[in-house]
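Working notes for the structure below.
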Amino acid sequence: MNRTISRRTFLLGAGAGALTLSLSQLHLGCQSPETTVATAPETGAAPALPEYRGWEDLYHQRWTWDRVAKGTHLVNCWYQRTCNWNVYVKEGLVFREEQASTYPQTNSSVPDYNPRGCQKGACYSHRMYDPDRLHYPLKRAGNRGEGKWSRVSWDEALTDIADRMIDTLTTKGPGSIYWEFGTALTNGGHGVGLMRSSHILDTITLDANSEIGDHHPGAAVTCGKICFASSADDCFYSDLILIWGGNPVYTQIPNAHFFNESRYNGAQIVTIAPDYNASTVHADLWLPVNVGTDAALGLAMAQVMVSEGLHNEEFIREQTDMPFLLRRDTRRFLRASDLGAKGAEDEFFVYDTASKRVRPAPRTTLALEKLRPALDGEYTVDTKDGPVTVTPVFTLLRTHLEKYTPESTAELTGVPPKLVRRLARQIAGARAATILTQSNFSKFYHGVEMERVQILVLALCGQFGRKGSGFNAFPWLTIEASEAAGVAPSMPLKLAMITLGAQAAPGLLKSKWKGETTEMFLGRAAREEYAKGGFISSTLFAHQLGGLSSITGSAKQWDPTLKRDFDAHLREAEEKGWQLVPKVAPEILFEVGGNFLRRWRGYDRAIDNLLPKLPLLVTVDWRLSATALHSDYVFPAAAWYERDDITWATPIAPFAQATTAATEPLAESKPDWVFHCLLMKKLQERARARGVKTFTDRAGETRRLDDVYDRFTFGNRYTEENGEDFLEALLEVNTNLKGTTWKSLKRDGFARFTSLGMSPVNIGNATDIAPDETITANTWHTEKKQPWPTLTRRMQFYIDHDLYFELGEELPVHKDDPAIGGQYPLQMTGGHTRWSIHASWRASPHLLRLQRGEPVIFMSRQDAEARGIEDGEQVRAHNDVGSFELQAKVSPAVRPGQVVVYHAWEPFQFKEWRSHQVAIPSPMNPIQLAGGYGHIQPSMIFGEPGFNDRGTRLEVERVGA
Amino acid sequence: MPQTGSEGAQGAGARSRLYAVLASVFAFPDQELHSAVRDGALSRSLAEVCAVLPYDLPAGATAGLADAGASYADFESEYIRLFDVGAGGPPCPLYGGVYQGDRMKVMEDATRFYNFFELHVSADMRELPDHITTELEFLHYLTFRESELPPDGPETAWLRRAERDFLERHLCRWVPKLAERLAKQQTCAFYPALVEFAQAFFTADRAYAKAIGDG
C-alpha cells in the first residue's frame, strides 16, 4: 500500500485548474463478495445516483455481510486454548465474530465443549483494527525507546538486515544470531518458519519456557516429562477436584463450565490458594494457605495418609520408586553397579517379600507379576564394598514425613489441622481425584518442591490413570508433522518425512532392543538435539549475556541456606555438562512472536546492559510492544484473521484449530510465514549478489548460504506465494489427525486429534485417544504398565543426585520462601489475568473498561488501612531491587500479607515505564541446574533453570506519604 | 469522468477540490508535501481554493500551514509519532471510530455510506473506512458529483443530505476531538494548524450542505 496519494503534486498545483475526480482509498463499481477488488467504470460513465433520504436508509444494511470465514486466535492462552469462531466479513473487513459452537460431544455421558471462547476473542476484531496496529515497516530514527521512526519498505529493511546477517554469519558465526519467539508462535503450521530458518542457518533459538516459568520442574524431576494432561471433559468422572495452583475461572474461561458441571455429577471442588479468588467462589471447600507454603501443606496431607495407612500400597509398589532400596551408608539407590564390576548404573532393586530376596526391579514393564516388593524394613545386601544395610524409599519417606504433621505445619501454612486431615482422607477415599494446576508453582523459587509434593499426594493414593484422576502438568498436543518439518530436508514434504523416519529408525530399533519405550526414545532424542545448542535456555541467556546477572544470580543474597553463590553452582553445572551455558554475545536478535522487554523479570537491566551492546534488534509484531519500541526495525505482522494457519493445542481441548485468511492483511502487514520466506529469499539474493557462497556453522562445518531460500521452501515448493499448499502438505504427512485435510480443517475450523503421534512433547501424555472417550493422561503407565521415562523408570520421588544431597532435597521437602527482594512485610504474587492473554489485550479499550483501566496492585483491607491507603489511590511499591507506581485496589479477597499484581501490563502503562517486573530479582534456584542424571537433563522446554516471581517481598506506601 | 467548468457548479467544485487536497495532505507525507508546505505552495493552493468556496472560512484559517520543521526526516517522524505509531497506540490516530466509542459501528456506518453510492474501500490501499483520508475522499466524490449537476435539481438535494449526514455522523463528530489531542502535543505547527483548518471547513460545509439540502 502506498498511502501517499499519487496525485498530490497535481492537486497542490491545480488550485484554479479543472476539477478531476481523484480517488485512491475508494473505488467506484461492484465489489466481488469474495474479494475486495473493485472494478472502475468506464471513463465518463458515472453511476446513476440513488435517492438518499437519510442515514436510516443505510442502517437497514447493518446485519449483512459478504462471507463467513473460520478463525481463531494464535495468541498463547495455553490451558484454555483452541476455540472455533465464525468471522463475519464485509467489504474486506472483519466486523464481528461469534462462537461457532459446533464441537461434538465426546460421548453422551459427559458435557460437550460448546461454546468455546472468551471475552478477549470476542473482541479480537476490534483489537485487530486498533490504532495500536502497525501498518508498515519502521526503522528506528532516534535513540532506542525514544519512539522516533522513519518508514521503510519491506525490501529496504530486509536488504539491510540480510546484509548484516551475512556479515555476522561470515565473521562472528551463526551462534551470534538469536531468535526469541515468546508466546505467540503458532507451532502447528506456519510456526515452522522460525524453526526452519534457525535450523538452516544454524542460529540459536531461545527456549523461553523456563524463563517464563512454565517449565514444571517438579513434574520433570518426578515423572521425567512435563507434558501431560487430561481432557477437560474427563473431570466429569472425578468426584474430587482440587484447584491447587491455578484460578481457572480467570484463565480457563471456556473450560470452567466442565468443573462446575462435575459438581452435578457428585464432584466436590476444593481450592487451595492464599486468596479468595474467582474459582474459590464456586468451590465446596477452600484451604486458605499462606503464600509459598504449599509444599508443607501437601507433606502434611502425605503424613496423614501414611500415618493412617490410607496410602495405596499396590499402586506405589508398581508405579513409583517407593519400594526401591537405598543404601543406608551412601543414601544412594542400590544399583547393579554396587554388586559387581559389570553391573549397570541404572538397574535398581527391591526386596521381594514373596521370595524373601533382593531382586532387580523390572525395567521393561511396571508389571510386578509375582514380585511382592517390600515398602518397609531394613535388609542387608552383599555389595562389592561389603555388606550394607538397605531400606526402601518408602521407609525413609515415612520417617521424613513425621516432621510434617498437620499440627506442626499449621502455623506455617495457616491451614487448621482438621482441614488438612479432612482433605487427606478425602483424596485417599476418592473414586477419582484430580489436581487442576497451572504453571503457577514453577514460578516460585522452591517451586520444584511444591510440585513434587502435589504429585506425591496423588501418587500415594493411586490417583493416576483412572478416568477423572491424575495430575495435570503442562498440556501440549500438536500436529506432530510440524515439529519434524522444521528440520526436514529440502524435498517434497512426504519424501522428507520418510527420509527423517529412515534416519531415526536405527536409533528407535536400538532403543526398543534395550527395552525402552517410544516415549523414552523420543525424550532422549530431544535431549540429544538440545545438546547441539541450537535451542538454548532463555534464562541462562538473560543471565550470561542479557545483562541480568546481578539479580538472576543473587540467590545467596536472599537464601540463607545456600553455601555457594549461584555462579559457583553454574560453573559446576557447566563443567559437569549438566547445563548448556550460552557464551556467544548476540549480534542480531529477532523477536518473532514474543515481547521479552515486557516479559523478562528485571527487563530494565536488559535495556540498560544488553541493548547498548546489541547491534541489531528486529521485531515482528502487529503492535508496538515494549520490545518493538526498542527495536531497530519493526515489521508489521498480519492479524490472526488475515492468515491461514493451524494452531497447536492441548489435551484439555484436544482439537487442532484453523484460522483462515478471512481478509487480506491490513496495509503492508504480512503473515510470519511470509516474513521468514522473504527474509530467506533476500538472504539468498544478497549472498549471491555479494558472491558469498558459504559460511562456517557452529560445528565448524561449511554450509551453503546462497541457497538458503531454496532449502527453506523445500525446493521452492512452499513459498510466500502458496502458504496454504504447505499446510495441505503438512496435514497429508501428519499422522495424529487422521482423515483431516487442510480443506476440511478450513471448512470446519477444527478437528479432534486421533492419536499423539511421534512427537517428543505429545507423547508425554502417554495415552491413547479414542474418538468417543475422554482423554486420561498416563494410562500407558497405569494400564499398559509401560515404564515412566525416568532414571528408575518409575515416578521418582527420591533423587540421589549430588546437588540434591547438598541442598537437602533428595526427598520432597518444604523450604521457607526466602525474603527475595529484602526484608519487607508483603509478598507479591501474580497470575494470568482475566482481561488479557499476556500483553495482547492489556491496552485494549474494551478490556480496560472492564477493570480499573490501568495497572493495579490488589491488597488486603488490613494492609491498606495500616498504611493509610484508600482504594484507588496511587501507591509506590518498593524493595531492595526496584520500585514502581500503580493504583491500589483494596480487596477483601486478598490475604493480609499478600499483594497481587496480575500478569503482563506493558511497562509503558506505568509511570516512567517501570512495571512491577523491575522489582522482581528472579534469582535462579541452583537446584534447577542439576543435570547428568538419567532424566534430569536439560531438554527443549524443561530441565533448565527457571525464573520466578511469586512471593517477592515488597513494601507499599501511598504516593506522597 | 467528465470535467466540469460551469460557473454554477463552481462552489461545489471548490468544495470537492478542497476535500481532495485535504485527503492528499492527511495521507502519509513525502518529500513533495514537505517542500510544498515549506515553500508555501500548500498555503497558496488552499487559499486559492478557499477564495472560490461558496462561503467564507474564518480569517487566518490557513495560518501555521507553512511550518513543517527543518527536515523531511523530522516531518515524517512526527507524522508517524502523532498519527500512526506509539506505545499503546499513537496519541492522535486519524481513525474516526477511535473517538466515537464503538469503532466497529462507526466503520460499518461509513462503509454503508460508501456502498450506498457504489463506492468500495480499495483493496490495493487496504486502509480502513474510518480513516480521515477515506472519509475525505467520500466527500470529495459526493461534491464532485454535485458539481456536475444543476444546483436546484433533486439529485443535488440527495447529495447535500448525504454530505450533511456524513459530516454530522463522522468528521464533525471526531475531528474536534482530534484537535484537542493534537493541542496537547509538542510538535511543529503544521498538523495542528491543518486540523484546525479542516475543522473550520467541515463546520462551514456542514452548515452549507444542511441549509441547502434541507431546503
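So you can find residues: chains in the C-alpha cells are A, B, ... in the order shown, residues in each start at 1, and ligands are numbered from 1 in order.
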
| request: Excluding stretch 82-88 of chain B and residues on its chain fewer than 5 positions from it, collect all residues at most 7 Å away from it, counting only C-alpha atoms, and give them as a list in words. | output: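 Near neighbours after the sequence-gap exclusion: Asp132, Leu134, Gly147, Leu624, Ser625, Ala843 and Phe908 of chain A; Pro93 and Leu94 of chain B.
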
| query | Contacts of A:Lys670 at 9 Å or less, counting only C-alpha atoms, minus same-chain residues fewer than 3 places along, as JSON, numbers by chain? | reply | {"A": [635, 636, 637, 638, 639, 642, 643, 665, 666, 667, 673, 674, 675]}

Just to be explicit: take each residue in the selection above, keep N, CA and C atoms, and write the result as an mmCIF file, in the first residue's frame.
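As written to disk, again_11.cif reads:
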data_model
loop_
_atom_site.group_PDB
_atom_site.id
_atom_site.type_symbol
_atom_site.label_atom_id
_atom_site.label_comp_id
_atom_site.auth_asym_id
_atom_site.auth_seq_id
_atom_site.Cartn_x
_atom_site.Cartn_y
_atom_site.Cartn_z
ATOM 1 N N PHE A 635 8.645 -4.955 11.872
ATOM 2 C CA PHE A 635 7.832 -5.380 10.721
ATOM 3 C C PHE A 635 6.392 -5.614 11.180
ATOM 4 N N PRO A 636 5.432 -5.148 10.375
ATOM 5 C CA PRO A 636 4.035 -5.339 10.766
ATOM 6 C C PRO A 636 3.550 -6.749 10.438
ATOM 7 N N ALA A 637 3.059 -7.428 11.448
ATOM 8 C CA ALA A 637 2.555 -8.795 11.258
ATOM 9 C C ALA A 637 1.074 -8.762 10.907
ATOM 10 N N ALA A 638 0.673 -9.748 10.128
ATOM 11 C CA ALA A 638 -0.750 -9.884 9.802
ATOM 12 C C ALA A 638 -1.522 -10.272 11.059
ATOM 13 N N ALA A 639 -2.772 -9.867 11.083
ATOM 14 C CA ALA A 639 -3.631 -10.249 12.208
ATOM 15 C C ALA A 639 -4.044 -11.709 12.054
ATOM 16 N N GLU A 642 -6.214 -12.742 9.239
ATOM 17 C CA GLU A 642 -5.702 -12.340 7.932
ATOM 18 C C GLU A 642 -4.693 -13.357 7.400
ATOM 19 N N ARG A 643 -4.717 -14.561 7.929
ATOM 20 C CA ARG A 643 -3.715 -15.543 7.529
ATOM 21 C C ARG A 643 -4.295 -16.936 7.697
ATOM 22 N N PRO A 665 -4.301 -9.095 4.591
ATOM 23 C CA PRO A 665 -3.633 -8.364 5.672
ATOM 24 C C PRO A 665 -3.773 -6.848 5.496
ATOM 25 N N LEU A 666 -3.979 -6.179 6.591
ATOM 26 C CA LEU A 666 -4.139 -4.731 6.572
ATOM 27 C C LEU A 666 -2.837 -4.061 6.129
ATOM 28 N N ALA A 667 -3.004 -3.041 5.326
ATOM 29 C CA ALA A 667 -1.878 -2.210 4.900
ATOM 30 C C ALA A 667 -0.727 -3.095 4.401
ATOM 31 N N TRP A 673 4.937 -16.454 8.318
ATOM 32 C CA TRP A 673 5.483 -17.382 7.312
ATOM 33 C C TRP A 673 6.067 -16.592 6.139
ATOM 34 N N VAL A 674 5.350 -15.594 5.716
ATOM 35 C CA VAL A 674 5.826 -14.763 4.596
ATOM 36 C C VAL A 674 7.078 -14.003 5.017
ATOM 37 N N PHE A 675 7.092 -13.531 6.259
ATOM 38 C CA PHE A 675 8.300 -12.847 6.741
ATOM 39 C C PHE A 675 9.512 -13.751 6.608
#

| Which residue gives the smallest distance to chain A among B:Asp102, B:Glu180, B:Glu135, B:Glu118, with only C-alpha atoms counted? |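 Looking at the shortest contact to chain A, the residue is B:Glu118.
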
If we count only C-alpha atoms, which residues of chain B reach to within 6 Å of chain A? Please list them as a tab-separated table (two decimals) with all heavy atoms, in the first residue's frame.
chain	number	residue	atom	x	y	z
B	1	MET	N	-14.19	10.36	-16.06
B	1	MET	CA	-15.27	11.21	-15.59
B	1	MET	C	-15.17	12.55	-16.30
B	1	MET	O	-14.08	13.06	-16.53
B	1	MET	CB	-15.16	11.43	-14.07
B	1	MET	CG	-15.18	10.14	-13.27
B	1	MET	SD	-16.75	9.29	-13.37
B	1	MET	CE	-17.65	10.22	-12.15
B	2	PRO	N	-16.31	13.13	-16.61
B	2	PRO	CA	-16.26	14.41	-17.31
B	2	PRO	C	-15.78	15.53	-16.39
B	2	PRO	O	-16.00	15.48	-15.19
B	2	PRO	CB	-17.72	14.62	-17.72
B	2	PRO	CG	-18.52	13.86	-16.72
B	2	PRO	CD	-17.68	12.69	-16.35
B	21	VAL	N	-7.80	17.81	-1.82
B	21	VAL	CA	-6.49	18.30	-1.37
B	21	VAL	C	-6.25	17.86	0.07
B	21	VAL	O	-5.16	17.36	0.42
B	21	VAL	CB	-6.41	19.83	-1.50
B	21	VAL	CG1	-5.13	20.35	-0.82
B	21	VAL	CG2	-6.43	20.24	-2.97
B	24	SER	N	-5.28	14.31	0.35
B	24	SER	CA	-3.89	14.07	-0.06
B	24	SER	C	-2.92	14.57	1.00
B	24	SER	O	-1.87	13.97	1.21
B	24	SER	CB	-3.61	14.72	-1.41
B	24	SER	OG	-3.42	16.10	-1.27
B	27	ALA	N	-2.67	12.24	4.04
B	27	ALA	CA	-2.02	10.95	3.77
B	27	ALA	C	-0.56	11.01	4.19
B	27	ALA	O	-0.03	12.08	4.48
B	27	ALA	CB	-2.14	10.62	2.29
B	28	PHE	N	0.07	9.84	4.22
B	28	PHE	CA	1.46	9.79	4.69
B	28	PHE	C	2.32	10.78	3.91
B	28	PHE	O	2.28	10.81	2.68
B	28	PHE	CB	2.01	8.37	4.54
B	28	PHE	CG	3.28	8.17	5.31
B	28	PHE	CD1	3.24	7.80	6.64
B	28	PHE	CD2	4.51	8.41	4.72
B	28	PHE	CE1	4.41	7.64	7.37
B	28	PHE	CE2	5.68	8.25	5.44
B	28	PHE	CZ	5.63	7.86	6.77
B	45	SER	N	-2.18	27.19	-2.47
B	45	SER	CA	-3.18	26.36	-3.12
B	45	SER	C	-4.49	26.37	-2.35
B	45	SER	O	-5.57	26.51	-2.91
B	45	SER	CB	-2.63	24.93	-3.25
B	45	SER	OG	-3.59	24.10	-3.83
B	48	GLU	N	-6.23	29.67	-2.69
B	48	GLU	CA	-6.90	29.79	-3.99
B	48	GLU	C	-8.24	29.07	-3.98
B	48	GLU	O	-9.24	29.57	-4.48
B	48	GLU	CB	-6.01	29.20	-5.09
B	48	GLU	CG	-4.85	30.09	-5.48
B	48	GLU	CD	-3.91	29.38	-6.45
B	48	GLU	OE1	-4.34	28.38	-7.08
B	48	GLU	OE2	-2.75	29.79	-6.56
B	49	VAL	N	-8.24	27.88	-3.41
B	49	VAL	CA	-9.48	27.12	-3.38
B	49	VAL	C	-10.50	27.81	-2.47
B	49	VAL	O	-11.68	27.93	-2.80
B	49	VAL	CB	-9.23	25.68	-2.90
B	49	VAL	CG1	-10.54	24.90	-2.85
B	49	VAL	CG2	-8.24	24.98	-3.81
B	77	SER	N	8.89	11.64	10.79
B	77	SER	CA	8.87	11.04	12.12
B	77	SER	C	7.74	11.59	12.96
B	77	SER	O	7.13	10.87	13.76
B	77	SER	CB	10.20	11.29	12.85
B	77	SER	OG	11.22	10.58	12.22
B	87	ALA	N	3.45	3.78	21.74
B	87	ALA	CA	3.26	2.79	22.79
B	87	ALA	C	1.80	2.83	23.24
B	87	ALA	O	1.33	3.86	23.71
B	87	ALA	CB	4.19	3.10	23.95
B	88	GLY	N	1.11	1.71	23.08
B	88	GLY	CA	-0.32	1.68	23.39
B	88	GLY	C	-1.15	2.38	22.34
B	88	GLY	O	-2.33	2.67	22.56
B	89	GLY	N	-0.58	2.66	21.21
B	89	GLY	CA	-1.29	3.37	20.14
B	89	GLY	C	-0.77	4.79	20.02
B	89	GLY	O	-0.27	5.37	20.98
B	112	ARG	N	-21.41	1.75	4.93
B	112	ARG	CA	-22.75	1.78	4.34
B	112	ARG	C	-22.96	3.03	3.49
B	112	ARG	O	-23.59	2.98	2.43
B	112	ARG	CB	-23.81	1.67	5.44
B	112	ARG	CG	-23.90	0.29	6.06
B	112	ARG	CD	-25.18	0.14	6.87
B	112	ARG	NE	-25.18	1.01	8.04
B	112	ARG	CZ	-24.74	0.65	9.24
B	112	ARG	NH1	-24.25	-0.57	9.42
B	112	ARG	NH2	-24.79	1.48	10.25
B	118	GLU	N	-22.24	3.29	-4.28
B	118	GLU	CA	-21.48	2.37	-5.12
B	118	GLU	C	-19.98	2.58	-5.05
B	118	GLU	O	-19.25	2.39	-6.02
B	118	GLU	CB	-21.97	2.43	-6.58
B	118	GLU	CG	-23.41	1.98	-6.71
B	118	GLU	CD	-23.82	1.82	-8.15
B	118	GLU	OE1	-22.96	1.48	-8.97
B	118	GLU	OE2	-25.01	2.03	-8.45
B	119	LEU	N	-19.54	2.99	-3.90
B	119	LEU	CA	-18.11	3.11	-3.66
B	119	LEU	C	-17.66	1.97	-2.73
B	119	LEU	O	-18.43	1.51	-1.88
B	119	LEU	CB	-17.78	4.44	-3.00
B	119	LEU	CG	-17.91	5.68	-3.88
B	119	LEU	CD1	-17.89	6.93	-3.02
B	119	LEU	CD2	-16.78	5.74	-4.91
B	120	HIS	N	-16.44	1.56	-2.92
B	120	HIS	CA	-15.90	0.48	-2.10
B	120	HIS	C	-14.49	0.84	-1.64
B	120	HIS	O	-13.76	1.51	-2.38
B	120	HIS	CB	-15.86	-0.83	-2.88
B	120	HIS	CG	-17.22	-1.27	-3.31
B	120	HIS	ND1	-18.07	-1.97	-2.48
B	120	HIS	CD2	-17.90	-1.06	-4.46
B	120	HIS	CE1	-19.21	-2.19	-3.11
B	120	HIS	NE2	-19.13	-1.65	-4.32
B	121	VAL	N	-14.16	0.37	-0.44
B	121	VAL	CA	-12.81	0.64	0.07
B	121	VAL	C	-11.81	-0.12	-0.79
B	121	VAL	O	-11.99	-1.31	-1.07
B	121	VAL	CB	-12.69	0.23	1.55
B	121	VAL	CG1	-11.26	0.46	2.04
B	121	VAL	CG2	-13.68	1.03	2.39
B	122	SER	N	-10.78	0.55	-1.19
B	122	SER	CA	-9.82	-0.02	-2.14
B	122	SER	C	-9.08	-1.21	-1.55
B	122	SER	O	-8.57	-1.15	-0.43
B	122	SER	CB	-8.81	1.05	-2.53
B	122	SER	OG	-7.68	0.45	-3.10
B	123	ALA	N	-9.05	-2.29	-2.31
B	123	ALA	CA	-8.30	-3.47	-1.88
B	123	ALA	C	-6.80	-3.22	-1.98
B	123	ALA	O	-6.01	-3.79	-1.23
B	123	ALA	CB	-8.68	-4.67	-2.73
B	125	MET	N	-5.19	-0.31	-1.48
B	125	MET	CA	-4.69	0.56	-0.43
B	125	MET	C	-4.78	-0.11	0.94
B	125	MET	O	-3.98	0.12	1.82
B	125	MET	CB	-5.48	1.88	-0.41
B	125	MET	CG	-5.41	2.65	-1.72
B	125	MET	SD	-3.74	3.13	-2.11
B	125	MET	CE	-3.50	4.48	-0.96
B	126	ARG	N	-5.81	-0.92	1.13
B	126	ARG	CA	-6.04	-1.64	2.38
B	126	ARG	C	-6.00	-0.71	3.60
B	126	ARG	O	-5.41	-1.00	4.61
B	126	ARG	CB	-5.05	-2.79	2.53
B	126	ARG	CG	-5.19	-3.81	1.41
B	126	ARG	CD	-4.77	-5.19	1.83
B	126	ARG	NE	-3.35	-5.35	2.08
B	126	ARG	CZ	-2.49	-5.68	1.13
B	126	ARG	NH1	-2.89	-5.86	-0.11
B	126	ARG	NH2	-1.23	-5.83	1.42
B	134	THR	N	-9.98	8.34	3.81
B	134	THR	CA	-11.11	7.65	3.18
B	134	THR	C	-12.36	8.51	3.29
B	134	THR	O	-13.12	8.66	2.32
B	134	THR	CB	-11.34	6.28	3.86
B	134	THR	OG1	-10.08	5.68	4.15
B	134	THR	CG2	-12.14	5.36	2.97
B	158	TRP	N	-30.29	15.22	-2.82
B	158	TRP	CA	-29.89	13.93	-2.24
B	158	TRP	C	-28.43	13.99	-1.79
B	158	TRP	O	-28.07	13.55	-0.71
B	158	TRP	CB	-30.03	12.80	-3.26
B	158	TRP	CG	-31.40	12.64	-3.83
B	158	TRP	CD1	-32.57	13.16	-3.36
B	158	TRP	CD2	-31.73	11.93	-5.03
B	158	TRP	NE1	-33.62	12.80	-4.17
B	158	TRP	CE2	-33.13	12.03	-5.21
B	158	TRP	CE3	-30.98	11.20	-5.95
B	158	TRP	CZ2	-33.79	11.45	-6.29
B	158	TRP	CZ3	-31.63	10.59	-7.02
B	158	TRP	CH2	-33.04	10.73	-7.20

| said: Calculated over only C-alpha atoms, which of the candidates B:Phe113, B:Ala12, B:Glu127, B:Ala66 has the smallest distance to B:Thr156? | reply: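 Residue with the minimum atom-to-atom distance to B:Thr156: B:Ala12.
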
| task | For atom CA of A:Asp294 and atom CA of A:Ile243, quote the distance in Å rounded to one decimal. | result |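 About the pair atom CA of A:Asp294 and atom CA of A:Ile243: they are 12.4 Å apart.
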
| task | Run DSSP on the backbone and grab whatever in stretch 216-263 of chain A lands in alpha helix (DSSP H); send it over as a PyMOL selection string. | result | chain A and resi 217-223+248-251+256-263

| So which one's closest to A:Tyr902, A:Val856, A:Leu397, A:Leu705, A:Val890? Using only C-alpha atoms, please. | A:Val856

| Of the candidates B:Leu136, B:Ala41, B:Cys188, B:Ala110, which one gets nearest to B:Asp67 if we count only C-alpha atoms? |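 Of B:Leu136, B:Ala41, B:Cys188, B:Ala110, the one nearest B:Asp67 is B:Cys188, counting only C-alpha atoms.
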
| query | Nearest to A:Ser554: which of A:Ile820, A:Leu580, A:Leu74, A:Leu954 is it, counting only C-alpha atoms? | reply |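 Ranked by minimum distance to A:Ser554, first place goes to A:Ile820.
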
From a backbone DSSP assignment, name each residue in stretch 317-438 of chain A labelled strand (DSSP E or B), as a compact mmCIF listing (two decimals) with N, CA, C and O atoms, in the first residue's frame.
# COMPACT_ATOMS: atom_id res chain seq x y z
N THR A 320 5.79 -46.36 41.41
CA THR A 320 6.73 -45.38 41.96
C THR A 320 8.03 -46.06 42.42
O THR A 320 8.13 -47.29 42.44
N LEU A 325 15.33 -49.91 46.83
CA LEU A 325 16.20 -49.97 48.00
C LEU A 325 17.27 -48.89 47.95
O LEU A 325 17.89 -48.64 46.91
N LEU A 326 17.47 -48.29 49.12
CA LEU A 326 18.51 -47.27 49.29
C LEU A 326 19.58 -47.80 50.21
O LEU A 326 19.27 -48.46 51.21
N ARG A 327 20.80 -47.46 49.91
CA ARG A 327 21.90 -47.83 50.81
C ARG A 327 21.89 -46.86 51.99
O ARG A 327 21.86 -45.64 51.81
N PHE A 333 20.61 -44.99 45.81
CA PHE A 333 19.94 -46.22 45.42
C PHE A 333 20.95 -47.35 45.35
O PHE A 333 22.12 -47.16 44.97
N ARG A 335 22.39 -50.03 43.30
CA ARG A 335 22.45 -50.23 41.86
C ARG A 335 23.17 -51.55 41.54
O ARG A 335 23.98 -52.03 42.36
N PHE A 348 18.05 -51.14 39.33
CA PHE A 348 17.75 -50.90 40.73
C PHE A 348 17.07 -52.14 41.33
O PHE A 348 16.67 -53.05 40.60
N PHE A 349 16.92 -52.10 42.66
CA PHE A 349 16.49 -53.32 43.34
C PHE A 349 15.35 -53.07 44.33
O PHE A 349 15.20 -51.97 44.85
N VAL A 350 14.61 -54.14 44.55
CA VAL A 350 13.58 -54.12 45.58
C VAL A 350 13.80 -55.35 46.45
O VAL A 350 14.53 -56.28 46.09
N TYR A 351 13.14 -55.36 47.63
CA TYR A 351 13.17 -56.57 48.44
C TYR A 351 11.85 -57.28 48.24
O TYR A 351 10.79 -56.73 48.54
N ASP A 352 11.94 -58.48 47.71
CA ASP A 352 10.74 -59.24 47.39
C ASP A 352 10.32 -60.05 48.61
O ASP A 352 11.03 -60.97 49.04
N ARG A 357 13.98 -62.18 49.06
CA ARG A 357 15.30 -61.90 48.45
C ARG A 357 15.30 -60.50 47.85
O ARG A 357 14.24 -59.96 47.48
N VAL A 358 16.49 -59.96 47.74
CA VAL A 358 16.65 -58.71 46.99
C VAL A 358 16.62 -59.06 45.52
O VAL A 358 17.39 -59.92 45.06
N ARG A 359 15.71 -58.41 44.79
CA ARG A 359 15.54 -58.75 43.37
C ARG A 359 15.61 -57.48 42.52
O ARG A 359 15.21 -56.40 42.96
N PRO A 360 16.12 -57.60 41.30
CA PRO A 360 16.11 -56.42 40.42
C PRO A 360 14.68 -55.99 40.11
O PRO A 360 13.80 -56.83 39.91
N PRO A 373 7.22 -56.45 46.27
CA PRO A 373 8.27 -55.61 46.86
C PRO A 373 7.86 -55.06 48.22
O PRO A 373 6.72 -54.64 48.43
N TYR A 379 17.28 -54.31 55.29
CA TYR A 379 17.81 -55.56 54.76
C TYR A 379 19.32 -55.40 54.54
O TYR A 379 19.81 -54.28 54.43
N THR A 380 19.98 -56.49 54.51
CA THR A 380 21.43 -56.45 54.29
C THR A 380 21.73 -57.04 52.91
O THR A 380 21.18 -58.08 52.54
N VAL A 381 22.60 -56.34 52.23
CA VAL A 381 22.96 -56.77 50.87
C VAL A 381 24.47 -56.85 50.78
O VAL A 381 25.18 -55.95 51.26
N ASP A 382 24.94 -57.90 50.15
CA ASP A 382 26.39 -58.00 49.91
C ASP A 382 26.75 -57.22 48.66
O ASP A 382 26.27 -57.53 47.57
N THR A 383 27.58 -56.23 48.85
CA THR A 383 28.00 -55.41 47.70
C THR A 383 29.50 -55.59 47.51
O THR A 383 30.15 -56.25 48.32
N GLY A 386 31.29 -54.69 50.46
CA GLY A 386 30.97 -55.45 51.64
C GLY A 386 29.48 -55.38 51.95
O GLY A 386 28.72 -54.78 51.18
N PRO A 387 29.05 -55.94 53.06
CA PRO A 387 27.62 -55.91 53.37
C PRO A 387 27.16 -54.49 53.74
O PRO A 387 27.86 -53.78 54.45
N VAL A 388 26.03 -54.10 53.17
CA VAL A 388 25.47 -52.79 53.51
C VAL A 388 24.00 -52.96 53.84
O VAL A 388 23.34 -53.89 53.37
N THR A 389 23.52 -52.04 54.66
CA THR A 389 22.11 -52.06 55.04
C THR A 389 21.33 -51.24 54.01
O THR A 389 21.75 -50.14 53.63
N VAL A 390 20.23 -51.80 53.58
CA VAL A 390 19.39 -51.09 52.61
C VAL A 390 17.97 -51.03 53.15
O VAL A 390 17.57 -51.84 53.98
N THR A 391 17.26 -50.05 52.64
CA THR A 391 15.86 -49.86 53.07
C THR A 391 15.07 -49.25 51.93
O THR A 391 15.63 -48.50 51.12
N PRO A 392 13.79 -49.55 51.82
CA PRO A 392 13.02 -48.96 50.71
C PRO A 392 12.86 -47.45 50.89
O PRO A 392 12.84 -46.94 52.02
N ALA A 433 -9.65 -38.61 42.06
CA ALA A 433 -9.28 -37.24 42.44
C ALA A 433 -8.31 -36.68 41.42
O ALA A 433 -7.44 -37.41 40.91
N THR A 434 -8.46 -35.43 41.12
CA THR A 434 -7.54 -34.80 40.16
C THR A 434 -7.11 -33.45 40.69
O THR A 434 -7.85 -32.81 41.46
N ILE A 435 -5.92 -33.05 40.29
CA ILE A 435 -5.43 -31.71 40.64
C ILE A 435 -5.38 -30.88 39.37
O ILE A 435 -4.68 -31.22 38.41
N LEU A 436 -6.16 -29.81 39.36
CA LEU A 436 -6.07 -28.85 38.27
C LEU A 436 -5.09 -27.79 38.70
O LEU A 436 -5.38 -26.98 39.57

| query | What's the 9 Å shell around stretch 457-465 of chain A, counting only C-alpha atoms, without same-chain residues fewer than 3 positions away, as JSON, numbers by chain? | reply | {"A": [298, 299, 301, 302, 305, 306, 310, 311, 312, 313, 314, 315, 316, 319, 320, 424, 427, 428, 429, 430, 431, 432, 433, 434, 435, 452, 453, 454, 468, 469, 470, 471, 776, 777, 778, 779, 780, 781, 782, 783, 795]}

| query | Suppose you want the space between atom CA of A:Pro582 and atom CA of A:Pro923; what is it in Å? | reply | 17.8 Å

| Distance of atom CA of A:Asp816 from atom CA of A:Glu411, expressed in Å to one decimal place |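 Atom CA of A:Asp816 lies 12.7 Å from atom CA of A:Glu411.
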